[in-house]
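In what follows, a single structure is set out as structure tokens and then discussed.
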Amino acid sequence: MPPESIRVPSPALPANLEEAIRALKREKGAVLLAHYYQESEVQDLADVVGDSLQLARAAQKIECERIVFCGVHFMAETAAILNPGIPVIVPDMKAGCSLADGCPADEFKAFVAAHPGAKVLTYINASAAVKAMSDLICTSSNAVKMVEHFKGEKLIFAPDRHLARWVARETGRNDLIVWPGACIVHEQFSAKGLAKLKLAHPDAEVLAHPECEQAVLDQADFIASTTGIIERAVAFPDRPAIIATEDGVFHAIQKRVPDKELYQAPGLDESCACNRCPYMRLNTLEKLYLCLVNDGPRVTVPEELAKQARIPIEKMLALS
Ligand code: 13P
Ligand code: SF4
């Protein structure tokens, strides 16, 4: 790193960042894809906002000069794999994911080798290297269907043990071989706090993401991906809802049903915003502006790895 005295200053930020980002997007032929866990001002600038399946679908079909991905690394990597001709840039390379980080490729390789004959179904929240070792990919919105694809076959499910347990219950598959990873955000919801909140709002419907702990899911009326949760909330505008997922989804719900009563499921530590994804929230407006100015950082996947990883992702998109 250069000494402090000769460090190159970052360009001055424009007063109206939103306007500057819109202008740069036009000028650079960039399409902005954003996940529902992004800050509301990032979602409002996006060309497509979606859950991980919708964003993968959008990335596969997009024609533009560059994709700007506001989400986490594995999502941008998936976009780069599905659409190798288009550069994918991100506001912050450090936006990872505890599920992807908790499943290193070398350890996963040994895990797969320890279960000869098993097929491998991997949640999209995984690295390209882990995807490349998989027979099929799934997201939270199609996991049940993708497990059913392997009827009668020995099956590894990775890397989220909570999603695996939920999907096993839904499909009656009690024999899944599970990689024991977890999401540090969804594990933070408190079953006890949720029970208390339900008592205070007995008419509220509890909408939860399947990455939550079983004691939280046991209290849910509806379990689905982020898009599933949003659509359910919008479908019943007069019914209060308690939401057990990252609170980025509130923005999409409030835009469509502004008068709906919404409550965030409480975290284990009520003094922190632990149910905000620390990785997703690394993408600020400032960093989004700078990545458009600098045309980077860029997420790349070596060609041979991308070729291997593309097979199970495209198979999922064809099946779902
Ligand atoms: P979705 O598939 O619902 O978008 O979930 C992605 C995710 O990372 C949840 O934590
Ligand atoms: Fe990963 Fe959890 Fe953040 Fe989703 S919420 S990106 S699973 S750490």
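Chain labels run A, B, ... following the order of the structure tokens; each chain numbers its residues from 1, and ligands are numbered from 1 in the order shown.
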May I have the residues within 12 Å of segment 225-237 of chain A as JSON, numbers by chain, using only C-alpha atoms and disregarding those fewer than 3 positions away in the same chain? {"A": [35, 36, 37, 49, 50, 51, 52, 53, 54, 55, 138, 139, 140, 141, 142, 143, 144, 163, 204, 205, 206, 207, 208, 209, 210, 211, 212, 220, 221, 222, 240, 241, 242, 243, 244, 245, 246, 247, 248, 249, 250, 251, 252, 253, 254, 255, 256, 257, 258, 259, 260, 261, 262, 263]}
What residues of the protein or nucleic acid chains come within 9 Å of ligand 2 when you use only C-alpha atoms and all ligand atoms? Reply as number ranges by chain. A: 37, 71-75, 95-101, 125, 160, 182-187, 211, 245-246, 275-281
Contact residues around Gly267 of chain A with only C-alpha atoms at 7 Å, ignoring same-chain residues under 5 positions, as a list in words: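 After dropping sequence-adjacent residues, the list is Gln188, Phe189, Ser190, Cys274 and Asn275 of chain A.
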Write out the residues from the selection above, keeping N, CA and C atoms, as an mmCIF file, in the first residue's frame.
data_model
loop_
_atom_site.group_PDB
_atom_site.id
_atom_site.type_symbol
_atom_site.label_atom_id
_atom_site.label_comp_id
_atom_site.auth_asym_id
_atom_site.auth_seq_id
_atom_site.Cartn_x
_atom_site.Cartn_y
_atom_site.Cartn_z
ATOM 1 N N GLN A 188 -30.337 -15.803 13.243
ATOM 2 C CA GLN A 188 -30.437 -14.810 14.320
ATOM 3 C C GLN A 188 -31.863 -14.563 14.801
ATOM 4 N N PHE A 189 -32.859 -15.096 14.092
ATOM 5 C CA PHE A 189 -34.231 -14.834 14.544
ATOM 6 C C PHE A 189 -34.513 -15.636 15.815
ATOM 7 N N SER A 190 -35.196 -14.980 16.750
ATOM 8 C CA SER A 190 -35.451 -15.606 18.040
ATOM 9 C C SER A 190 -36.843 -16.231 18.076
ATOM 10 N N CYS A 274 -29.132 -7.475 13.655
ATOM 11 C CA CYS A 274 -28.461 -8.713 13.234
ATOM 12 C C CYS A 274 -29.175 -9.391 12.079
ATOM 13 N N ASN A 275 -30.449 -9.058 11.876
ATOM 14 C CA ASN A 275 -31.140 -9.696 10.751
ATOM 15 C C ASN A 275 -31.042 -8.876 9.470
#
Tell me which protein, DNA and RNA residues are within 10 Å of Thr300 of chain A, counting only C-alpha atoms, leaving out same-chain ones fewer than 4 positions away, and put them as a PyMOL selection string. chain A and resi 76-81+84+87-89+306
Suppose we keep all heavy atoms; can you now write the selection as a short mmCIF file (atom, residue, chain, number, x, y, z; two decimals), in the first residue's frame?
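Dumped everything to result20.cif:
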data_model
loop_
_atom_site.label_atom_id
_atom_site.label_comp_id
_atom_site.auth_asym_id
_atom_site.auth_seq_id
_atom_site.Cartn_x
_atom_site.Cartn_y
_atom_site.Cartn_z
N ALA A 76 -23.36 -12.64 -8.42
CA ALA A 76 -22.64 -12.01 -9.54
C ALA A 76 -21.87 -13.07 -10.32
O ALA A 76 -21.82 -13.05 -11.56
CB ALA A 76 -21.69 -10.95 -9.00
N GLU A 77 -21.30 -14.02 -9.58
CA GLU A 77 -20.55 -15.11 -10.22
C GLU A 77 -21.50 -15.95 -11.10
O GLU A 77 -21.15 -16.33 -12.23
CB GLU A 77 -19.94 -15.97 -9.11
CG GLU A 77 -18.74 -16.75 -9.50
CD GLU A 77 -18.17 -17.48 -8.29
OE1 GLU A 77 -18.93 -18.13 -7.53
OE2 GLU A 77 -16.95 -17.43 -8.11
N THR A 78 -22.70 -16.20 -10.59
CA THR A 78 -23.69 -16.96 -11.37
C THR A 78 -24.03 -16.22 -12.65
O THR A 78 -24.15 -16.82 -13.73
CB THR A 78 -24.96 -17.21 -10.51
OG1 THR A 78 -24.58 -17.88 -9.32
CG2 THR A 78 -25.99 -18.05 -11.25
N ALA A 79 -24.18 -14.89 -12.55
CA ALA A 79 -24.47 -14.08 -13.74
C ALA A 79 -23.33 -14.20 -14.75
O ALA A 79 -23.55 -14.36 -15.95
CB ALA A 79 -24.69 -12.62 -13.33
N ALA A 80 -22.09 -14.14 -14.25
CA ALA A 80 -20.92 -14.24 -15.14
C ALA A 80 -20.85 -15.61 -15.81
O ALA A 80 -20.44 -15.72 -16.97
CB ALA A 80 -19.64 -13.96 -14.35
N ILE A 81 -21.25 -16.64 -15.09
CA ILE A 81 -21.24 -18.01 -15.65
C ILE A 81 -22.31 -18.14 -16.73
O ILE A 81 -22.07 -18.71 -17.80
CB ILE A 81 -21.49 -19.05 -14.52
CG1 ILE A 81 -20.29 -19.08 -13.57
CG2 ILE A 81 -21.78 -20.43 -15.09
CD1 ILE A 81 -20.55 -19.81 -12.24
N PRO A 84 -21.40 -15.35 -20.26
CA PRO A 84 -19.95 -15.11 -20.24
C PRO A 84 -19.47 -13.98 -21.14
O PRO A 84 -18.38 -13.45 -20.93
CB PRO A 84 -19.35 -16.45 -20.68
CG PRO A 84 -20.45 -17.19 -21.34
CD PRO A 84 -21.74 -16.69 -20.77
N PRO A 87 -19.33 -8.39 -19.26
CA PRO A 87 -18.63 -8.17 -17.99
C PRO A 87 -19.63 -7.92 -16.85
O PRO A 87 -20.62 -7.24 -17.03
CB PRO A 87 -17.80 -6.90 -18.24
CG PRO A 87 -17.94 -6.57 -19.68
CD PRO A 87 -19.08 -7.34 -20.26
N VAL A 88 -19.32 -8.52 -15.70
CA VAL A 88 -20.17 -8.32 -14.51
C VAL A 88 -19.34 -7.55 -13.49
O VAL A 88 -18.28 -8.03 -13.06
CB VAL A 88 -20.63 -9.67 -13.91
CG1 VAL A 88 -21.47 -9.44 -12.65
CG2 VAL A 88 -21.43 -10.47 -14.95
N ILE A 89 -19.82 -6.37 -13.12
CA ILE A 89 -19.09 -5.58 -12.12
C ILE A 89 -19.95 -5.45 -10.85
O ILE A 89 -21.18 -5.59 -10.91
CB ILE A 89 -18.68 -4.18 -12.66
CG1 ILE A 89 -19.90 -3.39 -13.16
CG2 ILE A 89 -17.66 -4.32 -13.77
CD1 ILE A 89 -19.58 -1.94 -13.52
N ALA A 306 -16.21 -22.21 -15.35
CA ALA A 306 -17.53 -21.68 -15.74
C ALA A 306 -18.29 -22.71 -16.57
O ALA A 306 -19.49 -22.91 -16.39
CB ALA A 306 -17.36 -20.38 -16.52
#
A:Ile86, A:Pro159, A:Val130, A:Leu13 ranked by distance to ligand 1, top pick (using only C-alpha atoms and all ligand atoms): A:Pro159
